[in-house]
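Shown next: coords28.pdb, given as PDB, C-alpha atoms.
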ATOM      1  CA  MET A  17      -2.005  30.632 -27.492
ATOM      2  CA  SER A  18      -1.729  26.929 -28.230
ATOM      3  CA  ASP A  19      -0.388  24.410 -25.762
ATOM      4  CA  ARG A  20       2.770  24.227 -27.850
ATOM      5  CA  ASP A  21       3.212  28.008 -27.759
ATOM      6  CA  ASN A  22       2.782  28.000 -23.992
ATOM      7  CA  LEU A  23       5.873  25.802 -23.591
ATOM      8  CA  SER A  24       8.169  28.767 -24.126
ATOM      9  CA  SER A  25       6.667  30.701 -21.214
ATOM     10  CA  ARG A  26       5.944  27.929 -18.766
ATOM     11  CA  THR A  27       7.351  27.677 -15.251
ATOM     12  CA  ILE A  28       8.415  24.369 -13.763
ATOM     13  CA  PRO A  29       7.501  23.523 -10.158
ATOM     14  CA  PHE A  30      10.617  22.463  -8.250
ATOM     15  CA  MET A  31      10.458  19.912  -5.449
ATOM     16  CA  THR A  32      11.832  20.788  -2.033
ATOM     17  CA  LEU A  33      14.123  18.392  -0.204
ATOM     18  CA  SER A  34      14.440  18.320   3.572
ATOM     19  CA  ASP A  35      17.659  19.470   5.202
ATOM     20  CA  GLY A  36      17.443  16.642   7.744
ATOM     21  CA  SER A  37      18.052  18.983  10.661
ATOM     22  CA  SER A  38      16.775  18.359  14.165
ATOM     23  CA  SER A  39      13.950  20.822  13.514
ATOM     24  CA  SER A  40      12.870  19.172  10.258
ATOM     25  CA  LEU A  41      10.234  16.496   9.790
ATOM     26  CA  THR A  42      12.921  14.060   8.617
ATOM     27  CA  ALA A  43      15.146  14.259  11.695
ATOM     28  CA  PRO A  44      16.409  10.937  13.101
ATOM     29  CA  PRO A  45      14.096   9.360  15.657
ATOM     30  CA  PRO A  46      15.072   9.926  19.289
ATOM     31  CA  PRO A  47      16.971   7.085  20.979
ATOM     32  CA  LEU A  48      14.887   4.357  22.548
ATOM     33  CA  PRO A  49      14.271   5.111  26.239
ATOM     34  CA  HIS A  50      17.169   3.911  28.375
ATOM     35  CA  TYR A  51      14.873   2.463  31.004
ATOM     36  CA  LEU A  52      13.460  -0.193  28.652
ATOM     37  CA  ASN A  53      14.703  -3.734  29.098
ATOM     38  CA  THR A  54      15.674  -5.942  26.160
ATOM     39  CA  GLU A  55      12.108  -7.067  25.514
ATOM     40  CA  GLY A  56      10.817  -3.529  25.799
ATOM     41  CA  ARG A  57      13.347  -2.248  23.268
ATOM     42  CA  ALA A  58      12.436  -5.022  20.857
ATOM     43  CA  LEU A  59       8.738  -4.163  21.125
ATOM     44  CA  ALA A  60       9.350  -0.429  20.808
ATOM     45  CA  ARG A  61      11.460  -0.905  17.692
ATOM     46  CA  PHE A  62       8.540  -2.401  15.792
ATOM     47  CA  ALA A  63       5.720  -0.450  17.434
ATOM     48  CA  VAL A  64       3.177   1.067  15.048
ATOM     49  CA  GLU A  65       2.182   4.509  16.285
ATOM     50  CA  GLY A  66      -0.836   6.425  15.027
ATOM     51  CA  ASN A  67      -3.830   5.586  12.870
ATOM     52  CA  VAL A  68      -3.909   3.383   9.792
ATOM     53  CA  VAL A  69      -6.019   3.229   6.625
ATOM     54  CA  ILE A  70      -5.926   0.155   4.403
ATOM     55  CA  THR A  71      -7.507   0.316   0.952
ATOM     56  CA  GLY A  72      -8.774  -3.020  -0.266
ATOM     57  CA  GLY A  73      -8.889  -3.657   3.461
ATOM     58  CA  ALA A  74     -11.686  -6.214   3.324
ATOM     59  CA  GLY A  75      -9.647  -8.516   1.123
ATOM     60  CA  THR A  76      -7.604 -11.429   2.403
ATOM     61  CA  LEU A  77      -4.220  -9.694   2.379
ATOM     62  CA  GLY A  78      -5.636  -6.408   3.671
ATOM     63  CA  LEU A  79      -7.329  -8.070   6.637
ATOM     64  CA  SER A  80      -4.207 -10.036   7.484
ATOM     65  CA  ALA A  81      -2.072  -6.890   7.411
ATOM     66  CA  ALA A  82      -4.681  -5.071   9.498
ATOM     67  CA  ARG A  83      -4.436  -7.656  12.263
ATOM     68  CA  ALA A  84      -0.641  -7.461  12.303
ATOM     69  CA  LEU A  85      -0.660  -3.660  12.498
ATOM     70  CA  LEU A  86      -3.136  -3.784  15.379
ATOM     71  CA  GLU A  87      -1.004  -6.369  17.165
ATOM     72  CA  HIS A  88       1.909  -3.944  16.953
ATOM     73  CA  GLY A  89      -0.022  -1.090  18.487
ATOM     74  CA  ALA A  90      -1.902   0.841  15.800
ATOM     75  CA  ALA A  91      -4.044   3.397  17.626
ATOM     76  CA  GLY A  92      -6.938   3.187  15.182
ATOM     77  CA  LEU A  93      -7.749   1.380  11.960
ATOM     78  CA  CYS A  94     -10.065   2.063   9.040
ATOM     79  CA  LEU A  95     -10.655  -0.415   6.234
ATOM     80  CA  TRP A  96     -11.630   0.998   2.848
ATOM     81  CA  ASP A  97     -13.240  -1.201   0.235
ATOM     82  CA  LEU A  98     -16.204  -1.463  -2.088
ATOM     83  CA  GLU A  99     -19.526  -1.778  -0.283
ATOM     84  CA  SER A 100     -20.115  -5.246  -1.750
ATOM     85  CA  THR A 101     -16.751  -6.509  -0.500
ATOM     86  CA  LEU A 102     -17.307  -4.999   2.943
ATOM     87  CA  ARG A 103     -20.607  -6.873   3.176
ATOM     88  CA  THR A 104     -18.980 -10.144   2.137
ATOM     89  CA  SER A 105     -16.250  -9.722   4.760
ATOM     90  CA  GLN A 106     -18.475  -8.298   7.498
ATOM     91  CA  SER A 107     -18.035 -11.221   9.887
ATOM     92  CA  GLN A 108     -14.231 -11.044   9.569
ATOM     93  CA  ILE A 109     -14.230  -7.298  10.142
ATOM     94  CA  LEU A 110     -16.429  -7.683  13.235
ATOM     95  CA  LYS A 111     -14.114 -10.407  14.520
ATOM     96  CA  LEU A 112     -11.137  -8.107  14.016
ATOM     97  CA  ALA A 113     -12.838  -5.346  15.956
ATOM     98  CA  SER A 114     -13.858  -7.685  18.777
ATOM     99  CA  ASP A 115     -10.304  -9.012  19.106
ATOM    100  CA  PHE A 116      -9.040  -5.461  19.723
ATOM    101  CA  PRO A 117     -11.784  -3.909  21.886
ATOM    102  CA  LYS A 118      -9.607  -1.014  23.061
ATOM    103  CA  THR A 119      -8.890   0.127  19.514
ATOM    104  CA  ARG A 120     -11.330   1.837  17.173
ATOM    105  CA  VAL A 121     -11.703  -0.413  14.137
ATOM    106  CA  PHE A 122     -14.222   0.496  11.450
ATOM    107  CA  SER A 123     -14.794   0.421   7.693
ATOM    108  CA  VAL A 124     -15.828   2.935   5.054
ATOM    109  CA  ALA A 125     -17.120   2.168   1.561
ATOM    110  CA  VAL A 126     -14.709   3.890  -0.830
ATOM    111  CA  ASP A 127     -14.258   3.529  -4.588
ATOM    112  CA  VAL A 128     -10.562   4.356  -4.995
ATOM    113  CA  THR A 129     -11.133   5.626  -8.550
ATOM    114  CA  ASP A 130     -13.476   8.348  -7.275
ATOM    115  CA  ALA A 131     -11.477  11.343  -5.998
ATOM    116  CA  THR A 132     -14.499  12.769  -4.161
ATOM    117  CA  ALA A 133     -15.170   9.469  -2.391
ATOM    118  CA  VAL A 134     -11.496   9.182  -1.443
ATOM    119  CA  ALA A 135     -11.462  12.705   0.026
ATOM    120  CA  GLU A 136     -14.634  11.949   1.975
ATOM    121  CA  GLY A 137     -13.022   8.739   3.230
ATOM    122  CA  VAL A 138     -10.058  10.674   4.619
ATOM    123  CA  GLN A 139     -12.447  13.139   6.246
ATOM    124  CA  ALA A 140     -14.362  10.278   7.883
ATOM    125  CA  VAL A 141     -11.121   8.840   9.262
ATOM    126  CA  VAL A 142     -10.007  12.153  10.723
ATOM    127  CA  GLN A 143     -13.435  12.833  12.210
ATOM    128  CA  THR A 144     -13.445   9.416  13.881
ATOM    129  CA  LEU A 145      -9.781   8.929  14.805
ATOM    130  CA  GLY A 146      -8.468  12.491  14.865
ATOM    131  CA  SER A 147      -5.548  11.982  12.488
ATOM    132  CA  LEU A 148      -4.041   9.762   9.814
ATOM    133  CA  GLU A 149      -0.451   8.516  10.006
ATOM    134  CA  HIS A 150      -0.210   5.435   7.779
ATOM    135  CA  LEU A 151      -1.800   4.384   4.482
ATOM    136  CA  PHE A 152      -1.551   0.978   2.807
ATOM    137  CA  CYS A 153      -2.930   0.702  -0.739
ATOM    138  CA  PHE A 154      -3.984  -2.910  -1.259
ATOM    139  CA  ALA A 155      -6.946  -2.143  -3.550
ATOM    140  CA  GLY A 156      -6.427  -3.602  -6.999
ATOM    141  CA  ILE A 157      -7.782  -5.828  -9.743
ATOM    142  CA  VAL A 158      -6.196  -8.354 -12.069
ATOM    143  CA  GLY A 159      -7.234  -9.507 -15.531
ATOM    144  CA  CYS A 160      -5.658 -11.926 -17.972
ATOM    145  CA  VAL A 161      -6.388 -10.993 -21.577
ATOM    146  CA  HIS A 162      -4.321 -11.363 -24.735
ATOM    147  CA  ALA A 163      -3.086  -7.919 -25.759
ATOM    148  CA  LEU A 164      -4.507  -8.340 -29.264
ATOM    149  CA  ASP A 165      -7.951  -9.033 -27.812
ATOM    150  CA  MET A 166      -7.981  -6.450 -25.034
ATOM    151  CA  THR A 167     -10.594  -3.722 -25.249
ATOM    152  CA  GLU A 168      -9.976  -0.097 -24.427
ATOM    153  CA  VAL A 169     -12.368  -0.440 -21.484
ATOM    154  CA  GLN A 170     -10.426  -3.376 -20.039
ATOM    155  CA  TRP A 171      -7.108  -1.545 -20.390
ATOM    156  CA  ARG A 172      -8.356   1.698 -18.856
ATOM    157  CA  LYS A 173     -10.151  -0.009 -15.949
ATOM    158  CA  THR A 174      -7.037  -1.900 -14.873
ATOM    159  CA  LEU A 175      -4.883   1.224 -14.858
ATOM    160  CA  ASP A 176      -7.672   3.309 -13.324
ATOM    161  CA  VAL A 177      -8.067   1.030 -10.308
ATOM    162  CA  ASN A 178      -4.495  -0.077  -9.766
ATOM    163  CA  THR A 179      -2.474   3.011 -10.633
ATOM    164  CA  THR A 180      -4.763   6.031 -10.642
ATOM    165  CA  GLY A 181      -6.633   4.710  -7.596
ATOM    166  CA  SER A 182      -3.390   4.357  -5.662
ATOM    167  CA  PHE A 183      -2.350   7.880  -6.611
ATOM    168  CA  LEU A 184      -5.677   9.407  -5.577
ATOM    169  CA  CYS A 185      -5.554   7.687  -2.185
ATOM    170  CA  ALA A 186      -1.899   8.588  -1.622
ATOM    171  CA  GLN A 187      -2.524  12.207  -2.610
ATOM    172  CA  ALA A 188      -5.552  12.604  -0.324
ATOM    173  CA  ALA A 189      -3.708  10.980   2.584
ATOM    174  CA  ALA A 190      -0.600  13.093   2.000
ATOM    175  CA  LYS A 191      -2.617  16.314   2.044
ATOM    176  CA  GLN A 192      -3.966  15.355   5.453
ATOM    177  CA  MET A 193      -0.546  14.258   6.730
ATOM    178  CA  LYS A 194       1.032  17.517   5.567
ATOM    179  CA  ALA A 195      -1.705  19.533   7.260
ATOM    180  CA  GLN A 196      -1.069  17.696  10.544
ATOM    181  CA  GLY A 197       2.576  18.784  10.401
ATOM    182  CA  THR A 198       3.730  16.074  12.793
ATOM    183  CA  GLY A 199       5.878  13.904  10.530
ATOM    184  CA  GLY A 200       6.393  10.212  11.194
ATOM    185  CA  CYS A 201       3.908   9.259   8.475
ATOM    186  CA  SER A 202       4.120   6.529   5.870
ATOM    187  CA  ILE A 203       2.399   5.523   2.652
ATOM    188  CA  THR A 204       2.919   2.004   1.346
ATOM    189  CA  LEU A 205       1.791   1.162  -2.172
ATOM    190  CA  ILE A 206       1.281  -2.417  -3.300
ATOM    191  CA  ALA A 207       3.122  -3.094  -6.544
ATOM    192  CA  SER A 208       3.959  -6.591  -7.808
ATOM    193  CA  ILE A 209       6.673  -8.715  -9.345
ATOM    194  CA  SER A 210       4.557  -8.088 -12.462
ATOM    195  CA  GLY A 211       5.987  -4.569 -12.457
ATOM    196  CA  HIS A 212       9.524  -5.968 -12.636
ATOM    197  CA  ARG A 213       9.226  -8.514 -15.411
ATOM    198  CA  VAL A 214       6.697 -10.249 -17.666
ATOM    199  CA  ASN A 215       4.818 -12.998 -15.882
ATOM    200  CA  PHE A 216       4.455 -16.444 -17.426
ATOM    201  CA  PRO A 217       2.404 -18.177 -18.754
ATOM    202  CA  GLN A 218      -0.595 -15.817 -18.597
ATOM    203  CA  SER A 219      -1.108 -12.722 -20.760
ATOM    204  CA  GLN A 220      -1.748  -9.653 -18.580
ATOM    205  CA  SER A 221      -0.085  -6.637 -20.155
ATOM    206  CA  ALA A 222      -2.445  -4.084 -18.582
ATOM    207  CA  TYR A 223      -1.833  -5.422 -15.076
ATOM    208  CA  ASN A 224       1.926  -5.497 -15.600
ATOM    209  CA  VAL A 225       1.952  -1.897 -16.802
ATOM    210  CA  SER A 226      -0.278  -0.782 -13.923
ATOM    211  CA  LYS A 227       2.136  -2.252 -11.374
ATOM    212  CA  ALA A 228       5.248  -0.901 -13.101
ATOM    213  CA  GLY A 229       3.523   2.461 -12.808
ATOM    214  CA  ILE A 230       3.162   1.951  -9.060
ATOM    215  CA  ILE A 231       6.907   1.391  -8.698
ATOM    216  CA  ALA A 232       7.636   4.624 -10.578
ATOM    217  CA  LEU A 233       4.938   6.474  -8.636
ATOM    218  CA  LYS A 234       6.452   5.354  -5.335
ATOM    219  CA  SER A 235       9.808   6.848  -6.249
ATOM    220  CA  SER A 236       8.352  10.155  -7.380
ATOM    221  CA  LEU A 237       6.195  10.596  -4.295
ATOM    222  CA  ALA A 238       9.050   9.573  -1.999
ATOM    223  CA  ALA A 239      11.168  12.362  -3.466
ATOM    224  CA  GLU A 240       8.438  15.001  -3.271
ATOM    225  CA  TRP A 241       6.871  14.243   0.089
ATOM    226  CA  ALA A 242       9.776  13.381   2.377
ATOM    227  CA  VAL A 243      10.056  17.067   3.322
ATOM    228  CA  HIS A 244       6.594  16.757   4.882
ATOM    229  CA  GLY A 245       7.679  13.820   7.037
ATOM    230  CA  ILE A 246       6.001  11.274   4.770
ATOM    231  CA  ARG A 247       7.893   8.156   3.715
ATOM    232  CA  VAL A 248       6.604   6.461   0.544
ATOM    233  CA  ASN A 249       7.564   2.879  -0.261
ATOM    234  CA  SER A 250       6.102  -0.101  -2.082
ATOM    235  CA  ILE A 251       5.833  -3.838  -1.654
ATOM    236  CA  SER A 252       6.083  -6.134  -4.681
ATOM    237  CA  PRO A 253       4.513  -9.481  -3.780
ATOM    238  CA  GLY A 254       4.969 -12.563  -5.867
ATOM    239  CA  TYR A 255       2.085 -14.934  -6.509
ATOM    240  CA  MET A 256       0.049 -15.050  -3.318
ATOM    241  CA  ASP A 257      -2.363 -17.897  -2.597
ATOM    242  CA  THR A 258      -5.518 -15.760  -2.385
ATOM    243  CA  ILE A 259      -8.806 -15.489  -4.272
ATOM    244  CA  LEU A 260      -7.022 -13.587  -7.080
ATOM    245  CA  ASN A 261      -5.021 -16.716  -7.855
ATOM    246  CA  ALA A 262      -7.531 -19.330  -6.756
ATOM    247  CA  GLY A 263      -8.727 -22.199  -8.916
ATOM    248  CA  GLU A 264      -7.260 -25.585  -8.182
ATOM    249  CA  ASP A 265      -8.933 -26.998 -11.303
ATOM    250  CA  SER A 266      -9.499 -24.079 -13.672
ATOM    251  CA  ILE A 267      -5.975 -22.650 -13.453
ATOM    252  CA  ALA A 268      -4.128 -25.688 -12.135
ATOM    253  CA  GLU A 269      -1.620 -25.569 -14.989
ATOM    254  CA  ALA A 270      -0.804 -21.916 -14.346
ATOM    255  CA  ARG A 271      -0.487 -22.452 -10.582
ATOM    256  CA  ALA A 272       1.896 -25.352 -11.199
ATOM    257  CA  SER A 273       3.980 -23.185 -13.517
ATOM    258  CA  TRP A 274       4.175 -20.367 -10.957
ATOM    259  CA  ALA A 275       5.399 -22.804  -8.307
ATOM    260  CA  ASN A 276       7.806 -24.652 -10.581
ATOM    261  CA  ARG A 277       9.499 -21.440 -11.699
ATOM    262  CA  ASN A 278      10.057 -20.302  -8.102
ATOM    263  CA  PRO A 279      13.218 -21.291  -6.185
ATOM    264  CA  MET A 280      11.077 -21.982  -3.111
ATOM    265  CA  GLY A 281       8.669 -24.113  -5.145
ATOM    266  CA  ARG A 282       5.450 -22.515  -3.919
ATOM    267  CA  MET A 283       3.196 -19.470  -3.859
ATOM    268  CA  GLY A 284       3.163 -17.024  -0.974
ATOM    269  CA  ALA A 285       0.900 -17.751   1.978
ATOM    270  CA  VAL A 286      -1.447 -15.256   3.582
ATOM    271  CA  GLY A 287       0.510 -13.511   6.327
ATOM    272  CA  GLU A 288       3.857 -13.469   4.571
ATOM    273  CA  LEU A 289       3.506  -9.756   3.753
ATOM    274  CA  ASP A 290       2.500  -8.776   7.286
ATOM    275  CA  GLY A 291       5.979  -8.377   8.713
ATOM    276  CA  MET A 292       6.949  -6.005   5.928
ATOM    277  CA  CYS A 293       3.817  -3.940   6.540
ATOM    278  CA  VAL A 294       4.757  -3.609  10.202
ATOM    279  CA  LEU A 295       8.307  -2.642   9.226
ATOM    280  CA  MET A 296       7.061   0.045   6.837
ATOM    281  CA  ALA A 297       4.896   1.707   9.502
ATOM    282  CA  SER A 298       7.203   1.340  12.494
ATOM    283  CA  ARG A 299      10.363   2.898  13.858
ATOM    284  CA  ALA A 300      12.291   0.020  12.326
ATOM    285  CA  GLY A 301      11.562   1.486   8.894
ATOM    286  CA  SER A 302      12.209   5.119   9.787
ATOM    287  CA  TYR A 303      14.934   5.513   7.117
ATOM    288  CA  LEU A 304      13.134   3.502   4.434
ATOM    289  CA  ASN A 305      11.962   5.860   1.699
ATOM    290  CA  GLY A 306      11.556   5.221  -2.016
ATOM    291  CA  ALA A 307      12.200   1.496  -1.581
ATOM    292  CA  ASP A 308      10.426  -1.367  -3.312
ATOM    293  CA  MET A 309      10.508  -4.547  -1.263
ATOM    294  CA  VAL A 310      10.165  -7.695  -3.380
ATOM    295  CA  ILE A 311       8.578 -10.567  -1.451
ATOM    296  CA  ASP A 312       8.287 -13.440  -3.899
ATOM    297  CA  GLY A 313      10.287 -16.459  -2.767
ATOM    298  CA  GLY A 314      12.950 -15.569  -5.321
ATOM    299  CA  ALA A 315      10.759 -15.657  -8.439
ATOM    300  CA  VAL A 316      12.334 -12.575 -10.040
ATOM    301  CA  VAL A 317      15.868 -13.956  -9.852
ATOM    302  CA  PHE A 318      15.119 -15.840 -13.082
TER     303      PHE A 318
END
Is it possible to express this structure as structure tokens?
Amino acid sequence: MSDRDNLSSRTIPFMTLSDGSSSSLTAPPPPLPHYLNTEGRALARFAVEGNVVITGGAGTLGLSAARALLEHGAAGLCLWDLESTLRTSQSQILKLASDFPKTRVFSVAVDVTDATAVAEGVQAVVQTLGSLEHLFCFAGIVGCVHALDMTEVQWRKTLDVNTTGSFLCAQAAAKQMKAQGTGGCSITLIASISGHRVNFPQSQSAYNVSKAGIIALKSSLAAEWAVHGIRVNSISPGYMDTILNAGEDSIAEARASWANRNPMGRMGAVGELDGMCVLMASRAGSYLNGADMVIDGGAVVF
């Protein structure tokens, strides 16, 4: 039978929603202990419990988020990135590990577009840390090419890394989280304001589509996986002042445009996503699911 003929006899997999009962993996968190003082309650509210994986973890934003998550109590941390990037950032990774000597901090070379490598990365994390509770998908690439000039290879690579790579990592992590059966897990995808509207003045249709896909993916996974005690959300940063947007001379005109079209008149600084990352992985975000948090200084209001 042809694929078209098979449509008449197909079955559709239905998603299962949690009932939210006290015995489910989506039950409300227990009250904060009564014996805590004001400071203790504040710390407990934003405590990060369990082990964390950060893809693109050797990049500027990934490393900054890693430090914040460790400061808020992450039990263990694994940074995934390409081997070349891990080598380039080796001194920063070692510094991170030395600053948190009581916490296991390590890195694994993982190509997020390779499903086998991603599965092996999850296995390495579980073997080393015992479990996986939180995933942050920072891995991504950007390219500015006129749509009329873009090659098939350029288009496919951007979507493969940014969108398919995020899905493969989220899927592998979710399988492990489901198997643990403990709940209290989170997956945070990194989208972009580019997924909400067309950026200006640069041409980057493939990147914009890849990030719009992340926003849709977040919603779908949030609906499907909540029953397993997994919250799925995304962060949509605006222009961040990192290597991806570096070039005081070569792209000075573009950088000026990005700042001038922002109500706050500037790009985002490293560290300005960290608080949201902590929120996503902590008790404070326990009812956040399927949300996209835009952090852009107000750029998308125009």
Counting all atoms listed in the file, which residues of range 101-188 of chain A sit at most 9 Å from some atom of range 61-74 of chain A, and what is each one's closest atom pair with its distance in Å to one decimal, listed by chain and rising residue number, as JSON lines?
{"residue": "A:Thr101", "atom": "CA", "partner": "A:Ala74", "partner_atom": "CA", "distance": 6.4}
{"residue": "A:Leu102", "atom": "CA", "partner": "A:Ala74", "partner_atom": "CA", "distance": 5.8}
{"residue": "A:Arg103", "atom": "CA", "partner": "A:Ala74", "partner_atom": "CA", "distance": 8.9}
{"residue": "A:Thr104", "atom": "CA", "partner": "A:Ala74", "partner_atom": "CA", "distance": 8.4}
{"residue": "A:Ser105", "atom": "CA", "partner": "A:Ala74", "partner_atom": "CA", "distance": 5.9}
{"residue": "A:Gln106", "atom": "CA", "partner": "A:Ala74", "partner_atom": "CA", "distance": 8.2}
{"residue": "A:Gln108", "atom": "CA", "partner": "A:Ala74", "partner_atom": "CA", "distance": 8.3}
{"residue": "A:Ile109", "atom": "CA", "partner": "A:Ala74", "partner_atom": "CA", "distance": 7.4}
{"residue": "A:Ser123", "atom": "CA", "partner": "A:Gly73", "partner_atom": "CA", "distance": 8.3}
{"residue": "A:Val126", "atom": "CA", "partner": "A:Thr71", "partner_atom": "CA", "distance": 8.2}
{"residue": "A:Val128", "atom": "CA", "partner": "A:Thr71", "partner_atom": "CA", "distance": 7.8}
{"residue": "A:Val138", "atom": "CA", "partner": "A:Val69", "partner_atom": "CA", "distance": 8.7}
{"residue": "A:Val141", "atom": "CA", "partner": "A:Val69", "partner_atom": "CA", "distance": 8.0}
{"residue": "A:Leu145", "atom": "CA", "partner": "A:Asn67", "partner_atom": "CA", "distance": 7.1}
{"residue": "A:Gly146", "atom": "CA", "partner": "A:Asn67", "partner_atom": "CA", "distance": 8.6}
{"residue": "A:Ser147", "atom": "CA", "partner": "A:Asn67", "partner_atom": "CA", "distance": 6.6}
{"residue": "A:Leu148", "atom": "CA", "partner": "A:Asn67", "partner_atom": "CA", "distance": 5.2}
{"residue": "A:Glu149", "atom": "CA", "partner": "A:Asn67", "partner_atom": "CA", "distance": 5.3}
{"residue": "A:His150", "atom": "CA", "partner": "A:Val68", "partner_atom": "CA", "distance": 4.7}
{"residue": "A:Leu151", "atom": "CA", "partner": "A:Val69", "partner_atom": "CA", "distance": 4.9}
{"residue": "A:Phe152", "atom": "CA", "partner": "A:Ile70", "partner_atom": "CA", "distance": 4.7}
{"residue": "A:Cys153", "atom": "CA", "partner": "A:Thr71", "partner_atom": "CA", "distance": 4.9}
{"residue": "A:Phe154", "atom": "CA", "partner": "A:Gly72", "partner_atom": "CA", "distance": 4.9}
{"residue": "A:Ala155", "atom": "CA", "partner": "A:Gly72", "partner_atom": "CA", "distance": 3.9}
{"residue": "A:Gly156", "atom": "CA", "partner": "A:Gly72", "partner_atom": "CA", "distance": 7.2}
{"residue": "A:Ser182", "atom": "CA", "partner": "A:Thr71", "partner_atom": "CA", "distance": 8.8}
{"residue": "A:Cys185", "atom": "CA", "partner": "A:Thr71", "partner_atom": "CA", "distance": 8.2}
Residue list as an MDAnalysis selection string for point (8.0, -4.5, -17.8), cut-off 10 Å, only C-alpha atoms
chainID A and resid 209:215 221 224:229
Please measure the separation of CA of Met193 in chain A and CA of Trp241 in chain A, giving the value in Å to one decimal.
10.0 Å
Nearest to Ala222 in chain A among A:Asp308, A:Asp19, A:Asp257, A:Asp165, with distances taken over only C-alpha atoms: which residue is it?
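Among A:Asp308, A:Asp19, A:Asp257, A:Asp165, it is A:Asp165 that comes nearest to Ala222 in chain A.
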Do you know which residues lie at most 8 Å from (6.9, -8.0, -1.6), with coordinates as in the file and all atoms listed in the file counted, and could you write them as number ranges by chain?
A: 207-209, 250-254, 289, 292, 308-312
Of A:Thr129, A:Thr42, A:Thr258, A:Ser114, the one nearest to Asn305 in chain A when counting all atoms listed in the file is A:Thr42
Write out as a Markdown table the residues of range 222-299 of chain A that have any atom within 10 Å of an atom of range 37-41 of chain A, one row each with the nearest atom pair and its distance in Å to one decimal, counting only C-alpha atoms, sorted by chain and then rising number.
| residue | atom | partner | partner_atom | distance |
| --- | --- | --- | --- | --- |
| A:Ala242 | CA | A:Leu41 | CA | 8.1 |
| A:Val243 | CA | A:Leu41 | CA | 6.5 |
| A:His244 | CA | A:Leu41 | CA | 6.1 |
| A:Gly245 | CA | A:Leu41 | CA | 4.6 |
| A:Ile246 | CA | A:Leu41 | CA | 8.4 |
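Separating CA of Thr144 in chain A from CA of Cys94 in chain A is a distance of 9.4 Å.
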Could you tell me which residues the PyMOL selection byres ((chain A and resi 272-285) around 6) returns for this structure, as a list in words?
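Checked against the file, the PyMOL selection byres ((chain A and resi 272-285) around 6) matches Tyr255, Met256, Asp257, Glu269, Ala270, Arg271, Val286, Glu288, Gly313, Gly314 and Ala315 of chain A.
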Reconstruct range 44-58 of chain A at the level of N, CA and C atoms, and format the result as a PDB file, in the coordinates of the input.
ATOM      1  N   PRO A  44      16.334  12.306  12.578  1.00  0.00           N
ATOM      2  CA  PRO A  44      16.409  10.937  13.101  1.00  0.00           C
ATOM      3  C   PRO A  44      15.477  10.775  14.300  1.00  0.00           C
ATOM      4  N   PRO A  45      14.942   9.575  14.485  1.00  0.00           N
ATOM      5  CA  PRO A  45      14.096   9.360  15.657  1.00  0.00           C
ATOM      6  C   PRO A  45      14.927   9.450  16.929  1.00  0.00           C
ATOM      7  N   PRO A  46      14.322   9.863  18.028  1.00  0.00           N
ATOM      8  CA  PRO A  46      15.072   9.926  19.289  1.00  0.00           C
ATOM      9  C   PRO A  46      15.489   8.524  19.727  1.00  0.00           C
ATOM     10  N   PRO A  47      16.539   8.412  20.504  1.00  0.00           N
ATOM     11  CA  PRO A  47      16.971   7.085  20.979  1.00  0.00           C
ATOM     12  C   PRO A  47      15.853   6.405  21.763  1.00  0.00           C
ATOM     13  N   LEU A  48      15.854   5.090  21.739  1.00  0.00           N
ATOM     14  CA  LEU A  48      14.887   4.357  22.548  1.00  0.00           C
ATOM     15  C   LEU A  48      15.140   4.668  24.016  1.00  0.00           C
ATOM     16  N   PRO A  49      14.099   4.779  24.818  1.00  0.00           N
ATOM     17  CA  PRO A  49      14.271   5.111  26.239  1.00  0.00           C
ATOM     18  C   PRO A  49      15.243   4.166  26.933  1.00  0.00           C
ATOM     19  N   HIS A  50      16.130   4.714  27.728  1.00  0.00           N
ATOM     20  CA  HIS A  50      17.169   3.911  28.375  1.00  0.00           C
ATOM     21  C   HIS A  50      16.616   2.953  29.418  1.00  0.00           C
ATOM     22  N   TYR A  51      15.421   3.279  29.923  1.00  0.00           N
ATOM     23  CA  TYR A  51      14.873   2.463  31.004  1.00  0.00           C
ATOM     24  C   TYR A  51      14.213   1.177  30.500  1.00  0.00           C
ATOM     25  N   LEU A  52      14.071   1.020  29.182  1.00  0.00           N
ATOM     26  CA  LEU A  52      13.460  -0.193  28.652  1.00  0.00           C
ATOM     27  C   LEU A  52      14.419  -1.373  28.764  1.00  0.00           C
ATOM     28  N   ASN A  53      13.875  -2.528  29.091  1.00  0.00           N
ATOM     29  CA  ASN A  53      14.703  -3.734  29.098  1.00  0.00           C
ATOM     30  C   ASN A  53      14.796  -4.269  27.664  1.00  0.00           C
ATOM     31  N   THR A  54      15.460  -5.396  27.492  1.00  0.00           N
ATOM     32  CA  THR A  54      15.674  -5.942  26.160  1.00  0.00           C
ATOM     33  C   THR A  54      14.358  -6.190  25.434  1.00  0.00           C
ATOM     34  N   GLU A  55      13.402  -6.791  26.126  1.00  0.00           N
ATOM     35  CA  GLU A  55      12.108  -7.067  25.514  1.00  0.00           C
ATOM     36  C   GLU A  55      11.393  -5.774  25.154  1.00  0.00           C
ATOM     37  N   GLY A  56      11.474  -4.800  26.051  1.00  0.00           N
ATOM     38  CA  GLY A  56      10.817  -3.529  25.799  1.00  0.00           C
ATOM     39  C   GLY A  56      11.393  -2.815  24.594  1.00  0.00           C
ATOM     40  N   ARG A  57      12.706  -2.874  24.416  1.00  0.00           N
ATOM     41  CA  ARG A  57      13.347  -2.248  23.268  1.00  0.00           C
ATOM     42  C   ARG A  57      12.955  -2.957  21.975  1.00  0.00           C
ATOM     43  N   ALA A  58      12.844  -4.260  22.042  1.00  0.00           N
ATOM     44  CA  ALA A  58      12.436  -5.022  20.857  1.00  0.00           C
ATOM     45  C   ALA A  58      11.016  -4.649  20.437  1.00  0.00           C
TER      46      ALA A  58
END
